[in-house]
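Here the structure is laid out as structure tokens; the discussion comes afterwards.
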Amino acid sequence: MPARLVVLISGNGSNLQAILNACKGNELSASVVAVISNKPNAYGLVRAVQAGVPTHVLPYEKGTERREYDSRLAGLVAACDPDYVILAGWMRLLTSAFLDQFPNRVINLHPALPGMFPGTHAIQRAYAAWQRGEIDRTGVMVHLVPDEGIDDGPVLATQEISFRTGEALEDFEKRVHAVEHGLLVQTLRNQLMGTN
Ligand code: GAR
């Protein structure tokens with residue numbers, strides 16, 4: 001039986017696309033059973049519709065208790081009966097009101113190495129740190145999300161990325177995303193085969 005994946009997104013969804021492609025190409029023995037976005041205009045929703053995957057939008061309304069939002073989100077996800085919940089560019093911190101419903105089943109992708117540049121704009125911040133001579137490499141990681149730590153948790157996989165002299169930020173970003181697409185699919189494959 002293919003594993004059931006629910007993918008949470010907030011934007012472009014290029015990593016979602018990598019997962020969809022891998023499922024379609026039988027590279028992953030899985031099927032994306034739902035895509036959920038907190039942003040109604042996330043392009044990833046278009047990608048999901050094009051792939052025939054059901055979508056849900058759950059916008060966060062200002063003033064809502066975070067735990068209340070997360071409980072509603074958990075209900076939506078649980079109704080899809082997922083084996084894994086993949087945070088693929090999901091840009092909201094999740095509280096235990098969500099995470100405790102899916103122990104060891106929430107997987108996050110972050111475009112930096114463990115402990116480096118948690119939060120938003122990690123690629124740009126790493127590039128700026130390199131330009132200041134503070135670091136000479138960065139990378140991407142895939143990890144489990146056990147608690148409310150930001151882009152932190154048991155690491156499933158990392159891949160280092162070296163900087164290239166003279167490379168523009170836009171080109172560097174493209175290179176990071178290409179690494180992410182490969183590492184995310186590879187890590188999910190390992191996880192599903194129980195080799196991690
Ligand atoms: C990716 O670079 C992902 O690693 C990052 O958001 C981007 C989403 O791109 N996630 C984080 O920064 C999490 N803190 P995508 O929408 O094209 O997949």
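Labels used: A, B, ... for chains in the order of the structure tokens, numbers from 1 for residues in each chain, and numbers from 1 for ligands as shown.
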**Report entry** Close residues to ligand 1 using only C-alpha atoms and all ligand atoms, limit 7 Å, as a VMD selection string
**Finding:** chain A and resid 9 to 16 44 88 to 91 109 to 111 118 to 122 151 177 180
Requested in this report: Find the spatial neighbours of A:Glu160, counting only C-alpha atoms, within a cut-off of 10 Å - ignore same-chain residues fewer than 4 positions away - and output them as a PyMOL selection string.
Outcome: chain A and resi 112-113+137-141+176+179
Requested in this report: Run DSSP on the backbone of this structure and report the residues of chain A it assigns to strand (DSSP E or B), as a ChimeraX atom specification.
Outcome: /A:3-9,30-37,55-57,84-87,106-110,137-144,155-162
Export N, CA and C atoms of the chosen residues as a short mmCIF file (atom, residue, chain, number, x, y, z; two decimals), in the first residue's frame?
```cif
data_model
loop_
_atom_site.label_atom_id
_atom_site.label_comp_id
_atom_site.auth_asym_id
_atom_site.auth_seq_id
_atom_site.Cartn_x
_atom_site.Cartn_y
_atom_site.Cartn_z
N ALA A 3 2.21 4.80 0.86
CA ALA A 3 2.07 5.62 2.07
C ALA A 3 1.21 6.85 1.75
N ARG A 4 0.46 7.25 2.74
CA ARG A 4 -0.40 8.43 2.56
C ARG A 4 0.31 9.66 3.09
N LEU A 5 0.53 10.63 2.21
CA LEU A 5 1.22 11.86 2.60
C LEU A 5 0.25 13.03 2.57
N VAL A 6 0.29 13.83 3.62
CA VAL A 6 -0.39 15.13 3.57
C VAL A 6 0.72 16.18 3.54
N VAL A 7 0.67 17.08 2.57
CA VAL A 7 1.72 18.08 2.41
C VAL A 7 1.17 19.46 2.78
N LEU A 8 1.87 20.13 3.68
CA LEU A 8 1.49 21.48 4.09
C LEU A 8 2.40 22.49 3.41
N ILE A 9 1.80 23.49 2.81
CA ILE A 9 2.57 24.49 2.05
C ILE A 9 2.09 25.90 2.42
N ALA A 30 4.28 6.20 -2.56
CA ALA A 30 3.44 7.06 -1.73
C ALA A 30 2.45 7.78 -2.62
N SER A 31 1.45 8.33 -1.95
CA SER A 31 0.51 9.15 -2.69
C SER A 31 0.15 10.37 -1.83
N VAL A 32 0.12 11.53 -2.47
CA VAL A 32 -0.23 12.75 -1.75
C VAL A 32 -1.75 12.79 -1.69
N VAL A 33 -2.30 12.62 -0.48
CA VAL A 33 -3.75 12.51 -0.35
C VAL A 33 -4.41 13.87 -0.11
N ALA A 34 -3.62 14.86 0.29
CA ALA A 34 -4.15 16.22 0.43
C ALA A 34 -3.01 17.21 0.52
N VAL A 35 -3.29 18.41 0.02
CA VAL A 35 -2.36 19.54 0.17
C VAL A 35 -3.12 20.62 0.92
N ILE A 36 -2.51 21.12 1.97
CA ILE A 36 -3.16 22.14 2.79
C ILE A 36 -2.27 23.38 2.82
N SER A 37 -2.89 24.53 2.57
CA SER A 37 -2.14 25.79 2.59
C SER A 37 -2.78 26.75 3.59
N THR A 55 -7.33 19.80 -2.25
CA THR A 55 -6.67 20.90 -1.54
C THR A 55 -7.59 21.47 -0.47
N HIS A 56 -6.99 22.03 0.55
CA HIS A 56 -7.72 22.75 1.60
C HIS A 56 -6.94 24.01 1.89
N VAL A 57 -7.67 25.07 2.17
CA VAL A 57 -7.03 26.33 2.58
C VAL A 57 -7.54 26.67 3.96
N TYR A 84 2.44 10.22 6.96
CA TYR A 84 3.38 11.31 7.24
C TYR A 84 2.77 12.65 6.84
N VAL A 85 3.14 13.67 7.60
CA VAL A 85 2.76 15.04 7.29
C VAL A 85 4.06 15.76 6.90
N ILE A 86 4.09 16.28 5.68
CA ILE A 86 5.32 16.89 5.19
C ILE A 86 5.16 18.41 5.18
N LEU A 87 6.07 19.09 5.88
CA LEU A 87 6.08 20.55 5.86
C LEU A 87 7.03 20.97 4.74
N VAL A 106 5.70 14.01 11.58
CA VAL A 106 5.79 15.33 10.93
C VAL A 106 7.24 15.55 10.51
N ILE A 107 7.42 15.82 9.22
CA ILE A 107 8.76 15.96 8.64
C ILE A 107 8.87 17.36 8.02
N ASN A 108 9.95 18.06 8.38
CA ASN A 108 10.14 19.43 7.88
C ASN A 108 11.39 19.50 7.02
N LEU A 109 11.32 20.36 6.03
CA LEU A 109 12.46 20.67 5.16
C LEU A 109 12.90 22.09 5.48
N HIS A 110 14.21 22.28 5.62
CA HIS A 110 14.71 23.64 5.89
C HIS A 110 15.97 23.88 5.07
N ARG A 137 30.16 27.41 3.78
CA ARG A 137 29.20 26.47 3.21
C ARG A 137 27.89 26.56 3.97
N THR A 138 26.86 26.10 3.28
CA THR A 138 25.56 26.00 3.94
C THR A 138 24.98 24.65 3.55
N GLY A 139 23.69 24.53 3.45
CA GLY A 139 23.14 23.25 3.06
C GLY A 139 21.65 23.20 3.27
N VAL A 140 21.11 22.02 3.20
CA VAL A 140 19.69 21.83 3.47
C VAL A 140 19.54 20.63 4.39
N MET A 141 18.44 20.59 5.11
CA MET A 141 18.20 19.45 5.99
C MET A 141 16.74 19.05 5.99
N VAL A 142 16.54 17.78 6.32
CA VAL A 142 15.19 17.25 6.51
C VAL A 142 15.19 16.66 7.91
N HIS A 143 14.19 17.02 8.70
CA HIS A 143 14.18 16.56 10.09
C HIS A 143 12.77 16.30 10.58
N LEU A 144 12.69 15.50 11.64
CA LEU A 144 11.40 15.27 12.31
C LEU A 144 11.09 16.50 13.16
N VAL A 155 17.48 14.92 13.08
CA VAL A 155 17.83 15.11 11.67
C VAL A 155 17.73 13.79 10.92
N LEU A 156 17.04 13.80 9.80
CA LEU A 156 16.93 12.61 8.96
C LEU A 156 17.98 12.63 7.86
N ALA A 157 18.29 13.83 7.35
CA ALA A 157 19.29 13.93 6.28
C ALA A 157 19.75 15.37 6.15
N THR A 158 21.00 15.52 5.73
CA THR A 158 21.51 16.86 5.40
C THR A 158 22.31 16.75 4.11
N GLN A 159 22.44 17.84 3.44
CA GLN A 159 23.36 17.91 2.29
C GLN A 159 24.02 19.28 2.28
N GLU A 160 25.34 19.27 2.27
CA GLU A 160 26.07 20.54 2.27
C GLU A 160 26.08 21.15 0.87
N ILE A 161 26.15 22.47 0.83
CA ILE A 161 26.24 23.20 -0.43
C ILE A 161 27.35 24.23 -0.28
N SER A 162 28.31 24.20 -1.20
CA SER A 162 29.40 25.19 -1.15
C SER A 162 28.98 26.44 -1.88
#
```
Requested in this report: Mind the document's chain letters and residue numbers, and return as a ChimeraX atom specification the residues of stretch 26-189 of chain A that DSSP labels alpha helix (DSSP H).
Outcome: /A:43-50,66-78,96-99,122-131,169-189
Query raised in the report: In terms of the shortest atom-to-atom distance over only C-alpha atoms, which of A:Leu169, A:Ile150, A:Leu58, A:Ile135 is closest to A:Ile123?
Result: A:Leu169
**Report entry** Nearest candidate to A:Ser96 (options A:Leu73, A:Val53, A:Cys23, A:Leu183; using only C-alpha atoms)
**Finding:**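 Smallest separation from A:Ser96 among the options: A:Leu73.
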